[in-house]
file target01.cif (mmCIF, C-alpha atoms and all ligand atoms)
data_work
#
loop_
_atom_site.group_PDB
_atom_site.id
_atom_site.type_symbol
_atom_site.label_atom_id
_atom_site.label_comp_id
_atom_site.auth_asym_id
_atom_site.auth_seq_id
_atom_site.Cartn_x
_atom_site.Cartn_y
_atom_site.Cartn_z
ATOM 1 C CA MET A 22 -6.352 20.922 -3.631
ATOM 2 C CA GLU A 23 -8.395 18.017 -4.848
ATOM 3 C CA LEU A 24 -7.942 14.337 -4.097
ATOM 4 C CA ILE A 25 -7.025 12.465 -7.254
ATOM 5 C CA MET A 26 -6.836 8.916 -5.980
ATOM 6 C CA ILE A 27 -6.507 6.587 -3.025
ATOM 7 C CA ILE A 28 -4.251 3.604 -3.634
ATOM 8 C CA SER A 29 -3.722 0.608 -1.362
ATOM 9 C CA ALA A 30 -0.544 -1.444 -1.567
ATOM 10 C CA SER A 31 -1.804 -4.887 -0.778
ATOM 11 C CA ASN A 32 -1.158 -8.624 -0.905
ATOM 12 C CA GLN A 33 -2.050 -11.026 1.903
ATOM 13 C CA LYS A 34 1.477 -12.411 1.820
ATOM 14 C CA GLY A 35 4.046 -10.752 4.108
ATOM 15 C CA GLY A 36 7.502 -9.573 3.115
ATOM 16 C CA VAL A 37 6.631 -8.956 -0.537
ATOM 17 C CA GLY A 38 7.317 -5.222 -0.683
ATOM 18 C CA LYS A 39 4.030 -3.497 0.272
ATOM 19 C CA THR A 40 5.665 -1.109 2.737
ATOM 20 C CA THR A 41 8.605 -0.571 0.378
ATOM 21 C CA THR A 42 6.129 0.370 -2.354
ATOM 22 C CA VAL A 43 4.316 2.889 -0.146
ATOM 23 C CA ILE A 44 7.547 4.551 1.039
ATOM 24 C CA ASN A 45 9.176 4.782 -2.398
ATOM 25 C CA LEU A 46 6.108 5.590 -4.490
ATOM 26 C CA GLY A 47 5.115 8.161 -1.852
ATOM 27 C CA ALA A 48 8.561 9.772 -2.036
ATOM 28 C CA ALA A 49 8.397 9.819 -5.847
ATOM 29 C CA LEU A 50 4.919 11.417 -5.893
ATOM 30 C CA ALA A 51 6.080 14.023 -3.373
ATOM 31 C CA ALA A 52 9.202 14.679 -5.472
ATOM 32 C CA ALA A 53 6.880 15.286 -8.432
ATOM 33 C CA GLY A 54 5.238 18.035 -6.372
ATOM 34 C CA LYS A 55 2.107 16.082 -5.416
ATOM 35 C CA GLU A 56 0.693 16.487 -1.928
ATOM 36 C CA THR A 57 0.800 12.914 -0.684
ATOM 37 C CA LEU A 58 -0.410 11.212 2.476
ATOM 38 C CA LEU A 59 0.817 7.786 3.576
ATOM 39 C CA ILE A 60 -1.485 5.895 5.920
ATOM 40 C CA ASP A 61 -0.073 2.993 7.914
ATOM 41 C CA LEU A 62 -2.847 0.440 8.411
ATOM 42 C CA ASP A 63 -0.540 -2.380 9.452
ATOM 43 C CA PRO A 64 -0.586 -2.929 13.253
ATOM 44 C CA GLN A 65 3.043 -4.059 12.948
ATOM 45 C CA GLY A 66 3.770 -0.457 11.991
ATOM 46 C CA SER A 67 6.773 -1.022 9.737
ATOM 47 C CA LEU A 68 5.920 2.024 7.609
ATOM 48 C CA SER A 69 5.620 4.190 10.733
ATOM 49 C CA GLN A 70 8.814 2.866 12.274
ATOM 50 C CA GLY A 71 10.609 3.206 8.963
ATOM 51 C CA LEU A 72 9.670 6.890 8.906
ATOM 52 C CA GLY A 73 10.648 7.439 12.535
ATOM 53 C CA PHE A 74 7.297 7.106 14.367
ATOM 54 C CA GLN A 75 7.120 4.494 17.144
ATOM 55 C CA PRO A 76 3.607 2.936 17.380
ATOM 56 C CA ASP A 77 3.706 2.962 21.213
ATOM 57 C CA LYS A 78 4.438 6.707 21.233
ATOM 58 C CA VAL A 79 2.065 7.862 18.510
ATOM 59 C CA ILE A 80 -0.993 9.652 19.860
ATOM 60 C CA GLY A 81 -4.040 8.892 17.771
ATOM 61 C CA GLY A 82 -2.674 7.836 14.418
ATOM 62 C CA SER A 83 -4.607 5.772 11.887
ATOM 63 C CA TYR A 84 -6.596 4.095 14.706
ATOM 64 C CA GLU A 85 -8.660 7.285 14.988
ATOM 65 C CA LEU A 86 -10.119 6.590 11.546
ATOM 66 C CA PHE A 87 -11.945 3.659 13.160
ATOM 67 C CA ALA A 88 -12.791 5.445 16.397
ATOM 68 C CA ASN A 89 -14.773 8.321 14.882
ATOM 69 C CA LYS A 90 -12.257 10.892 16.060
ATOM 70 C CA PRO A 91 -10.496 13.611 14.068
ATOM 71 C CA VAL A 92 -7.070 12.528 12.915
ATOM 72 C CA GLU A 93 -3.821 14.398 13.332
ATOM 73 C CA ILE A 94 -1.608 14.312 10.278
ATOM 74 C CA LEU A 95 2.151 14.431 10.805
ATOM 75 C CA TRP A 96 4.441 15.994 8.219
ATOM 76 C CA HIS A 97 7.433 13.958 7.192
ATOM 77 C CA SER A 98 9.022 16.120 4.499
ATOM 78 C CA GLU A 99 7.971 18.512 1.759
ATOM 79 C CA ASN A 100 4.652 17.356 0.214
ATOM 80 C CA LEU A 101 4.755 14.141 2.232
ATOM 81 C CA ALA A 102 2.544 13.536 5.268
ATOM 82 C CA VAL A 103 2.018 10.411 7.352
ATOM 83 C CA LEU A 104 -0.754 8.981 9.448
ATOM 84 C CA PRO A 105 1.220 6.441 11.473
ATOM 85 C CA THR A 106 0.139 3.352 13.366
ATOM 86 C CA ASN A 107 -0.772 3.656 16.998
ATOM 87 C CA ILE A 108 -0.543 0.583 19.225
ATOM 88 C CA ASN A 109 -4.374 0.418 19.423
ATOM 89 C CA LEU A 110 -4.641 -0.382 15.739
ATOM 90 C CA ALA A 111 -4.218 -4.068 16.589
ATOM 91 C CA ASP A 112 -7.606 -3.962 18.362
ATOM 92 C CA VAL A 113 -9.547 -2.569 15.434
ATOM 93 C CA SER A 114 -10.714 -5.924 14.094
ATOM 94 C CA ASN A 115 -12.166 -6.883 17.501
ATOM 95 C CA ASP A 116 -13.746 -3.440 17.910
ATOM 96 C CA ILE A 117 -15.367 -3.717 14.506
ATOM 97 C CA VAL A 118 -16.840 -7.120 15.257
ATOM 98 C CA LYS A 119 -18.284 -5.839 18.534
ATOM 99 C CA ASN A 120 -19.593 -2.542 17.262
ATOM 100 C CA ASN A 121 -20.568 -2.725 13.652
ATOM 101 C CA LYS A 122 -23.273 -0.247 12.788
ATOM 102 C CA HIS A 123 -22.291 0.714 9.276
ATOM 103 C CA GLY A 124 -20.966 -2.488 7.773
ATOM 104 C CA PRO A 125 -17.563 -3.762 8.862
ATOM 105 C CA THR A 126 -15.677 -3.176 5.615
ATOM 106 C CA SER A 127 -16.799 0.342 4.684
ATOM 107 C CA ILE A 128 -15.813 2.333 7.796
ATOM 108 C CA LEU A 129 -12.651 3.786 6.281
ATOM 109 C CA LYS A 130 -14.453 4.732 3.070
ATOM 110 C CA ARG A 131 -16.528 7.123 5.195
ATOM 111 C CA THR A 132 -13.903 8.387 7.635
ATOM 112 C CA ILE A 133 -11.185 9.035 5.038
ATOM 113 C CA LYS A 134 -13.356 11.642 3.290
ATOM 114 C CA PRO A 135 -12.324 14.657 5.413
ATOM 115 C CA LEU A 136 -8.683 14.024 4.406
ATOM 116 C CA ALA A 137 -9.523 14.364 0.728
ATOM 117 C CA ALA A 138 -9.446 18.165 0.925
ATOM 118 C CA ASP A 139 -5.755 18.329 1.800
ATOM 119 C CA PHE A 140 -4.104 15.738 -0.429
ATOM 120 C CA GLU A 141 -3.880 14.693 -4.058
ATOM 121 C CA TYR A 142 -2.703 11.134 -3.448
ATOM 122 C CA ILE A 143 -3.339 8.915 -0.459
ATOM 123 C CA LEU A 144 -1.365 5.648 -0.245
ATOM 124 C CA ILE A 145 -2.418 3.020 2.262
ATOM 125 C CA ASP A 146 -0.058 0.338 3.564
ATOM 126 C CA THR A 147 -1.950 -2.813 4.549
ATOM 127 C CA PRO A 148 -1.191 -5.789 6.809
ATOM 128 C CA PRO A 149 -0.212 -9.227 5.460
ATOM 129 C CA ASN A 150 -3.677 -10.778 5.764
ATOM 130 C CA LEU A 151 -7.229 -10.308 4.486
ATOM 131 C CA ASP A 152 -8.575 -9.085 7.807
ATOM 132 C CA TYR A 153 -10.867 -6.067 8.373
ATOM 133 C CA LEU A 154 -8.038 -3.539 8.130
ATOM 134 C CA THR A 155 -7.128 -4.738 4.646
ATOM 135 C CA LEU A 156 -10.766 -4.961 3.581
ATOM 136 C CA ASN A 157 -11.392 -1.403 4.818
ATOM 137 C CA ALA A 158 -8.327 -0.147 2.942
ATOM 138 C CA LEU A 159 -9.486 -1.810 -0.256
ATOM 139 C CA GLY A 160 -13.036 -0.634 0.356
ATOM 140 C CA ALA A 161 -11.824 2.975 0.512
ATOM 141 C CA SER A 162 -9.463 2.828 -2.493
ATOM 142 C CA GLN A 163 -9.989 3.397 -6.196
ATOM 143 C CA TYR A 164 -6.852 1.429 -6.994
ATOM 144 C CA VAL A 165 -4.681 -1.323 -5.607
ATOM 145 C CA ILE A 166 -0.996 -1.947 -6.335
ATOM 146 C CA ILE A 167 0.037 -5.559 -5.785
ATOM 147 C CA PRO A 168 3.691 -6.364 -5.134
ATOM 148 C CA CYS A 169 4.411 -10.048 -5.787
ATOM 149 C CA GLN A 170 7.554 -12.145 -5.779
ATOM 150 C CA CYS A 171 8.312 -14.345 -8.787
ATOM 151 C CA GLN A 172 7.672 -17.597 -6.932
ATOM 152 C CA LEU A 173 5.070 -20.233 -7.649
ATOM 153 C CA ALA A 174 3.471 -20.035 -4.200
ATOM 154 C CA ALA A 175 3.193 -16.262 -4.527
ATOM 155 C CA VAL A 176 1.403 -16.542 -7.864
ATOM 156 C CA ARG A 177 -1.029 -19.067 -6.366
ATOM 157 C CA GLY A 178 -1.631 -16.661 -3.492
ATOM 158 C CA LEU A 179 -2.561 -14.005 -6.031
ATOM 159 C CA GLU A 180 -5.569 -16.071 -7.099
ATOM 160 C CA LEU A 181 -6.959 -15.825 -3.575
ATOM 161 C CA PHE A 182 -6.272 -12.098 -3.561
ATOM 162 C CA ALA A 183 -8.032 -11.656 -6.924
ATOM 163 C CA ARG A 184 -11.098 -13.437 -5.517
ATOM 164 C CA THR A 185 -11.098 -11.069 -2.549
ATOM 165 C CA LEU A 186 -11.091 -8.107 -4.934
ATOM 166 C CA GLU A 187 -14.076 -9.594 -6.762
ATOM 167 C CA ASP A 188 -15.974 -10.051 -3.494
ATOM 168 C CA LEU A 189 -15.245 -6.447 -2.562
ATOM 169 C CA ALA A 190 -17.009 -5.183 -5.670
ATOM 170 C CA GLU A 191 -20.160 -5.358 -3.529
ATOM 171 C CA ILE A 192 -18.987 -2.489 -1.325
ATOM 172 C CA ASN A 193 -16.660 -0.759 -3.781
ATOM 173 C CA ASP A 194 -17.362 -1.216 -7.470
ATOM 174 C CA SER A 195 -14.712 1.305 -8.533
ATOM 175 C CA LEU A 196 -11.769 -0.689 -7.164
ATOM 176 C CA GLU A 197 -9.300 -1.611 -9.866
ATOM 177 C CA VAL A 198 -5.816 -3.132 -10.028
ATOM 178 C CA LEU A 199 -3.527 -0.247 -10.975
ATOM 179 C CA ALA A 200 -0.295 -2.196 -11.157
ATOM 180 C CA LEU A 201 1.327 -5.475 -10.298
ATOM 181 C CA ILE A 202 4.987 -5.183 -9.286
ATOM 182 C CA PRO A 203 7.102 -8.345 -9.682
ATOM 183 C CA THR A 204 9.431 -7.706 -6.729
ATOM 184 C CA MET A 205 12.853 -8.821 -5.543
ATOM 185 C CA TYR A 206 13.557 -10.178 -8.993
ATOM 186 C CA THR A 207 16.722 -12.119 -9.803
ATOM 187 C CA ALA A 208 16.981 -12.119 -13.588
ATOM 188 C CA SER A 209 19.585 -14.894 -13.700
ATOM 189 C CA ARG A 210 17.123 -17.443 -12.262
ATOM 190 C CA LYS A 211 15.200 -19.328 -14.916
ATOM 191 C CA ILE A 212 12.331 -20.085 -12.530
ATOM 192 C CA GLU A 213 11.853 -16.375 -11.849
ATOM 193 C CA GLN A 214 11.912 -15.599 -15.589
ATOM 194 C CA ASP A 215 9.202 -18.229 -16.132
ATOM 195 C CA ILE A 216 7.036 -16.834 -13.369
ATOM 196 C CA LEU A 217 7.501 -13.298 -14.624
ATOM 197 C CA THR A 218 6.133 -14.497 -17.969
ATOM 198 C CA ILE A 219 3.062 -15.925 -16.197
ATOM 199 C CA LEU A 220 2.485 -12.603 -14.401
ATOM 200 C CA GLN A 221 2.923 -10.655 -17.641
ATOM 201 C CA ASN A 222 0.384 -12.904 -19.381
ATOM 202 C CA ASP A 223 -2.097 -12.658 -16.509
ATOM 203 C CA TYR A 224 -1.779 -8.924 -15.850
ATOM 204 C CA GLY A 225 -0.837 -7.532 -19.293
ATOM 205 C CA ASP A 226 -0.123 -3.789 -19.260
ATOM 206 C CA LYS A 227 -0.711 -3.651 -15.521
ATOM 207 C CA CYS A 228 2.387 -5.758 -14.912
ATOM 208 C CA ARG A 229 5.231 -3.296 -14.278
ATOM 209 C CA PRO A 230 8.868 -4.062 -15.101
ATOM 210 C CA PRO A 231 10.418 -6.361 -12.475
ATOM 211 C CA LEU A 232 11.936 -4.642 -9.455
ATOM 212 C CA PRO A 233 15.423 -6.111 -9.003
ATOM 213 C CA ASP A 234 16.533 -7.692 -5.746
ATOM 214 C CA ARG A 235 19.046 -5.195 -4.331
ATOM 215 C CA VAL A 236 20.639 -4.956 -0.910
ATOM 216 C CA GLU A 237 20.181 -1.154 -1.099
ATOM 217 C CA TYR A 238 16.487 -1.766 -0.290
ATOM 218 C CA LEU A 239 17.443 -3.332 3.035
ATOM 219 C CA ARG A 240 19.772 -0.454 3.789
ATOM 220 C CA ALA A 241 17.169 2.179 2.887
ATOM 221 C CA ASN A 242 14.603 0.298 4.975
ATOM 222 C CA ALA A 243 16.894 0.269 8.024
ATOM 223 C CA GLU A 244 17.511 3.984 7.598
ATOM 224 C CA GLY A 245 13.841 4.848 7.074
ATOM 225 C CA ARG A 246 14.178 6.397 3.658
ATOM 226 C CA ALA A 247 13.400 5.838 0.014
ATOM 227 C CA VAL A 248 16.086 4.273 -2.168
ATOM 228 C CA SER A 249 18.361 6.677 -4.008
ATOM 229 C CA GLY A 250 20.161 7.083 -7.317
ATOM 230 C CA ASP A 251 19.315 4.749 -10.204
ATOM 231 C CA LEU A 252 17.090 2.590 -8.020
ATOM 232 C CA PHE A 253 14.785 5.544 -7.326
ATOM 233 C CA ASP A 254 14.180 5.898 -11.105
ATOM 234 C CA TYR A 255 11.903 2.853 -10.910
ATOM 235 C CA TRP A 256 9.616 4.768 -8.554
ATOM 236 C CA ILE A 257 9.800 7.999 -10.543
ATOM 237 C CA ASP A 258 8.540 5.982 -13.535
ATOM 238 C CA LEU A 259 5.786 4.409 -11.454
ATOM 239 C CA ALA A 260 4.766 7.832 -10.104
ATOM 240 C CA ALA A 261 4.599 9.166 -13.680
ATOM 241 C CA PHE A 262 2.383 6.199 -14.611
ATOM 242 C CA VAL A 263 0.143 6.858 -11.598
ATOM 243 C CA ILE A 264 -0.073 10.587 -12.358
ATOM 244 C CA GLY A 265 -0.828 9.794 -16.018
ATOM 245 C CA LYS A 266 -3.849 7.745 -14.931
ATOM 246 C CA GLY A 267 -5.619 10.867 -13.667
ATOM 247 C CA GLY A 268 -8.554 10.559 -11.306
ATOM 248 C CA LYS A 269 -11.803 8.678 -11.665
HETATM 249 N N1 LIG B 1 13.648 -5.021 -4.428
HETATM 250 C C1 LIG B 1 14.079 -5.420 -3.229
HETATM 251 N N2 LIG B 1 15.313 -5.973 -3.085
HETATM 252 C C2 LIG B 1 15.754 -6.399 -1.879
HETATM 253 N N3 LIG B 1 15.055 -6.284 -0.739
HETATM 254 C C3 LIG B 1 13.827 -5.742 -0.815
HETATM 255 C C4 LIG B 1 13.272 -5.267 -2.043
HETATM 256 N N4 LIG B 1 12.032 -4.772 -1.773
HETATM 257 C C5 LIG B 1 11.843 -4.915 -0.466
HETATM 258 N N5 LIG B 1 12.896 -5.490 0.135
HETATM 259 C C6 LIG B 1 13.068 -5.832 1.550
HETATM 260 O O1 LIG B 1 12.241 -6.944 1.867
HETATM 261 C C7 LIG B 1 11.701 -6.812 3.168
HETATM 262 C C8 LIG B 1 10.173 -6.884 3.107
HETATM 263 O O2 LIG B 1 9.686 -5.759 2.386
HETATM 264 P P1 LIG B 1 8.409 -4.962 2.905
HETATM 265 O O3 LIG B 1 8.208 -3.817 1.982
HETATM 266 O O4 LIG B 1 8.522 -4.655 4.352
HETATM 267 O O5 LIG B 1 7.283 -6.061 2.671
HETATM 268 P P2 LIG B 1 5.763 -6.132 3.216
HETATM 269 O O6 LIG B 1 5.351 -4.743 3.565
HETATM 270 O O7 LIG B 1 4.995 -6.712 2.082
HETATM 271 O O8 LIG B 1 5.794 -7.060 4.395
HETATM 272 C C9 LIG B 1 12.199 -5.484 3.710
HETATM 273 O O9 LIG B 1 13.313 -5.727 4.513
HETATM 274 C C10 LIG B 1 12.599 -4.724 2.461
HETATM 275 O O10 LIG B 1 13.641 -3.789 2.706
HETATM 276 MG MG MG B 2 4.616 -4.103 5.384
#

call {"tool": "encode", "arguments": {"input": "target01.cif", "output": "structure tokens", "more": "lines below"}}
Ligand SMILES: Nc1ncnc2c1ncn2[C@@H]1O[C@H](COP(=O)(O)OP(=O)(O)O)[C@@H](O)[C@H]1O
Ligand SMILES: [Mg+2]
result
Amino acid sequence: MELIMIISASNQKGGVGKTTTVINLGAALAAAGKETLLIDLDPQGSLSQGLGFQPDKVIGGSYELFANKPVEILWHSENLAVLPTNINLADVSNDIVKNNKHGPTSILKRTIKPLAADFEYILIDTPPNLDYLTLNALGASQYVIIPCQCQLAAVRGLELFARTLEDLAEINDSLEVLALIPTMYTASRKIEQDILTILQNDYGDKCRPPLPDRVEYLRANAEGRAVSGDLFDYWIDLAAFVIGKGGK
């Protein structure tokens, strides 16, 4: 087995579909037969909870990546493993500030390496801010997928995110935007159509088709699973696009 790529789902705005992207793209990669690991780096632990792991009960979890301890991977289903959030993850930013030998944003880049032998794709879910956890995730990734709603404020927020990616080039010059996902899209709203056009102009081929706003996402989220039926086709297509990229 050889690691092909590490992808972070990231955007400093909350509620835009980062966790949804990790769960559904992860399920689609696993369905395509790829050994996939999902890492929950959000202290709020929605990915972990969604998949049935309670952060106050998880022993170790993704926190260990910052504590120089070996991590214990948990299997979720065929080809799909999870490194969930442990309650201590919330302290990582403080710990890093206090004890920062190797540079505060490149810890994960080092500690994720032992996991590369067992997986082809690693997807990292990040918190809704630009704190150390997010910077470490981006510092360890070759690619970032950015979910973004078709709202003016969200597009403005993307400019700040793009600047962060530029700053990160200092620690990780191979980081690249893999895809931008216009999420929770309502095609009948003119304002959303206009903003989609802006995103398509700004991101070109990287801008994926809009992901429609569907109540099934809320249901799937509550039940801790990927979406099913026609809605899952979106993620099968995205997985095919990701697989087609190959490694770098
Ligand atoms: N396409 C969609 N249509 C409707 N609801 C969605 C869609 N994508 C995500 N959601 C819902 O929106 C909420 C926020 O999504 P989530 O993935 O948790 O965002 P983030 O991780 O960025 O905070 C969740 O309740 C999720 O189920
Ligand atoms: Mg989330």

call {"tool": "residues_around", "arguments": {"input": "target01.cif", "residues": "stretch 137-145 of chain A", "least_positions_apart": "4", "cutoff": "7 Å", "atoms": "only C-alpha atoms", "output": "list in words"}}
result
Met22, Glu23, Leu24, Ile25, Met26, Ile27, Ile28, Ser29, Ala30, Val43, Lys55, Glu56, Thr57, Leu58, Leu59, Ile60, Asp61, Leu62 and Ala158 of chain A

call {"tool": "closest_atom_pairs", "arguments": {"input": "target01.cif", "of": "chain A", "to": "ligand LIG 1 (chain B)", "cutoff": "7 Å", "atoms": "only C-alpha atoms and all ligand atoms", "output": "CSV"}}
result
residue,atom,partner,partner_atom,distance
A:Lys34,CA,B:LIG1,O7,6.7
A:Gly35,CA,B:LIG1,O8,4.1
A:Gly36,CA,B:LIG1,O8,3.3
A:Val37,CA,B:LIG1,O7,3.8
A:Gly38,CA,B:LIG1,O3,3.1
A:Lys39,CA,B:LIG1,O6,3.8
A:Thr40,CA,B:LIG1,O6,3.7
A:Thr41,CA,B:LIG1,O3,3.6
A:Thr42,CA,B:LIG1,O3,6.4
A:Ser67,CA,B:LIG1,O4,6.7
A:Pro149,CA,B:LIG1,O8,6.5
A:Thr204,CA,B:LIG1,N1,5.5
A:Met205,CA,B:LIG1,N1,4.0
A:Tyr206,CA,B:LIG1,N1,6.9
A:Leu232,CA,B:LIG1,N1,5.3
A:Pro233,CA,B:LIG1,N1,5.0
A:Asp234,CA,B:LIG1,N2,3.4
A:Arg235,CA,B:LIG1,N2,4.0
A:Val236,CA,B:LIG1,C2,5.2
A:Glu237,CA,B:LIG1,C2,6.9
A:Tyr238,CA,B:LIG1,O10,4.6
A:Leu239,CA,B:LIG1,O10,3.8
A:Ala241,CA,B:LIG1,O10,6.9
A:Asn242,CA,B:LIG1,O10,4.8

call {"tool": "write_last_selection", "arguments": {"input": "target01.cif", "atoms": "C-alpha atoms", "output": "tab-separated table (two decimals), keeping the file's coordinate frame"}}
result
chain	number	residue	atom	x	y	z
A	34	LYS	CA	1.48	-12.41	1.82
A	35	GLY	CA	4.05	-10.75	4.11
A	36	GLY	CA	7.50	-9.57	3.12
A	37	VAL	CA	6.63	-8.96	-0.54
A	38	GLY	CA	7.32	-5.22	-0.68
A	39	LYS	CA	4.03	-3.50	0.27
A	40	THR	CA	5.66	-1.11	2.74
A	41	THR	CA	8.60	-0.57	0.38
A	42	THR	CA	6.13	0.37	-2.35
A	67	SER	CA	6.77	-1.02	9.74
A	149	PRO	CA	-0.21	-9.23	5.46
A	204	THR	CA	9.43	-7.71	-6.73
A	205	MET	CA	12.85	-8.82	-5.54
A	206	TYR	CA	13.56	-10.18	-8.99
A	232	LEU	CA	11.94	-4.64	-9.46
A	233	PRO	CA	15.42	-6.11	-9.00
A	234	ASP	CA	16.53	-7.69	-5.75
A	235	ARG	CA	19.05	-5.20	-4.33
A	236	VAL	CA	20.64	-4.96	-0.91
A	237	GLU	CA	20.18	-1.15	-1.10
A	238	TYR	CA	16.49	-1.77	-0.29
A	239	LEU	CA	17.44	-3.33	3.04
A	241	ALA	CA	17.17	2.18	2.89
A	242	ASN	CA	14.60	0.30	4.97

call {"tool": "residues_around", "arguments": {"input": "target01.cif", "residues": "stretch 80-90 of chain A", "least_positions_apart": "2", "cutoff": "6 Å", "atoms": "only C-alpha atoms", "output": "list in words"}}
result
Val92, Leu104, Pro105, Thr106, Asn107, Leu110 and Thr132 of chain A

call {"tool": "write_last_selection", "arguments": {"input": "target01.cif", "atoms": "C-alpha atoms", "output": "PDB file, in the coordinates of the input"}}
result
ATOM      1  CA  VAL A  92      -7.070  12.528  12.915  1.00  0.00           C
ATOM      2  CA  LEU A 104      -0.754   8.981   9.448  1.00  0.00           C
ATOM      3  CA  PRO A 105       1.220   6.441  11.473  1.00  0.00           C
ATOM      4  CA  THR A 106       0.139   3.352  13.366  1.00  0.00           C
ATOM      5  CA  ASN A 107      -0.772   3.656  16.998  1.00  0.00           C
ATOM      6  CA  LEU A 110      -4.641  -0.382  15.739  1.00  0.00           C
ATOM      7  CA  THR A 132     -13.903   8.387   7.635  1.00  0.00           C
TER       8      THR A 132
END

call {"tool": "residues_around", "arguments": {"input": "target01.cif", "residues": "A:Asp188", "least_positions_apart": "4", "cutoff": "12 Å", "atoms": "all atoms listed in the file", "output": "ChimeraX atom specification"}}
result
/A:126,151,156,159-160,181-184,192-194,196

call {"tool": "residues_near_point", "arguments": {"input": "target01.cif", "point": "(-4.4, -5.7, 17.2)", "cutoff": "12 Å", "atoms": "only C-alpha atoms", "output": "PyMOL selection string"}}
result
chain A and resi 62-66+76+84+106-117+148+152-154

call {"tool": "atom_distance", "arguments": {"input": "target01.cif", "atom1": "atom CA of A:Pro230", "atom2": "atom CA of A:Asn32"}}
result
18.0 Å

call {"tool": "residues_around", "arguments": {"input": "target01.cif", "residues": "A:Ala260", "least_positions_apart": "5", "cutoff": "9 Å", "atoms": "all atoms listed in the file", "output": "list in words"}}
result
Leu46, Gly47, Ala49, Leu50, Ala53, Tyr255 and Gly265 of chain A

call {"tool": "residues_around", "arguments": {"input": "target01.cif", "residues": "A:Glu197", "least_positions_apart": "3", "cutoff": "7 Å", "atoms": "all atoms listed in the file", "output": "PyMOL selection string"}}
result
chain A and resi 163-165

call {"tool": "write_last_selection", "arguments": {"input": "target01.cif", "atoms": "C-alpha atoms", "output": "mmCIF file, keeping the file's coordinate frame"}}
result
data_model
loop_
_atom_site.group_PDB
_atom_site.id
_atom_site.type_symbol
_atom_site.label_atom_id
_atom_site.label_comp_id
_atom_site.auth_asym_id
_atom_site.auth_seq_id
_atom_site.Cartn_x
_atom_site.Cartn_y
_atom_site.Cartn_z
ATOM 1 C CA GLN A 163 -9.989 3.397 -6.196
ATOM 2 C CA TYR A 164 -6.852 1.429 -6.994
ATOM 3 C CA VAL A 165 -4.681 -1.323 -5.607
#

call {"tool": "resolve_selection", "arguments": {"input": "target01.cif", "expression": "the PyMOL selection byres (((chain A and resi 168) around 6) and not hetatm)", "output": "MDAnalysis selection string"}}
result
chainID A and resid 38 167 169 201:202

call {"tool": "closest_residue", "arguments": {"input": "target01.cif", "among": "A:Leu68, A:Leu217, A:Ala52, A:Ile44", "to": "ligand MG 2 (chain B)", "atoms": "all atoms listed in the file"}}
result
A:Leu68

call {"tool": "axis_aligned_box", "arguments": {"input": "target01.cif", "around": "stretch 65-80 of chain A", "padding_each_side": "3 Å", "output": "lines of an AutoDock Vina configuration file"}}
result
center_x = 4.8
center_y = 2.8
center_z = 14.4
size_x = 17.6
size_y = 19.7
size_z = 19.6

call {"tool": "closest_residue", "arguments": {"input": "target01.cif", "among": "A:Val176, A:Asn157, A:Glu93, A:Phe253", "to": "A:Pro125", "atoms": "all atoms listed in the file"}}
result
A:Asn157

call {"tool": "closest_residue", "arguments": {"input": "target01.cif", "among": "A:Leu136, A:Asn150, A:Leu259, A:Asp77", "to": "ligand MG 2 (chain B)", "atoms": "all atoms listed in the file"}}
result
A:Asn150

call {"tool": "atom_distance", "arguments": {"input": "target01.cif", "atom1": "atom CA of A:Leu72", "atom2": "atom CA of A:Ala247"}}
result
9.7 Å

call {"tool": "atom_distance", "arguments": {"input": "target01.cif", "atom1": "atom CA of A:Cys171", "atom2": "atom CA of A:Glu213"}}
result
5.1 Å

call {"tool": "closest_residue", "arguments": {"input": "target01.cif", "among": "A:Leu173, A:Ile94, A:Ala102, A:Val79", "to": "A:Pro135", "atoms": "all atoms listed in the file"}}
result
A:Ile94

call {"tool": "closest_residue", "arguments": {"input": "target01.cif", "among": "A:Glu187, A:Asp223, A:Asp146, A:Glu180", "to": "ligand MG 2 (chain B)", "atoms": "all atoms listed in the file"}}
result
A:Asp146

call {"tool": "closest_residue", "arguments": {"input": "target01.cif", "among": "A:Thr185, A:Ser162, A:Gln70, A:Thr147", "to": "ligand MG 2 (chain B)", "atoms": "all atoms listed in the file"}}
result
A:Thr147
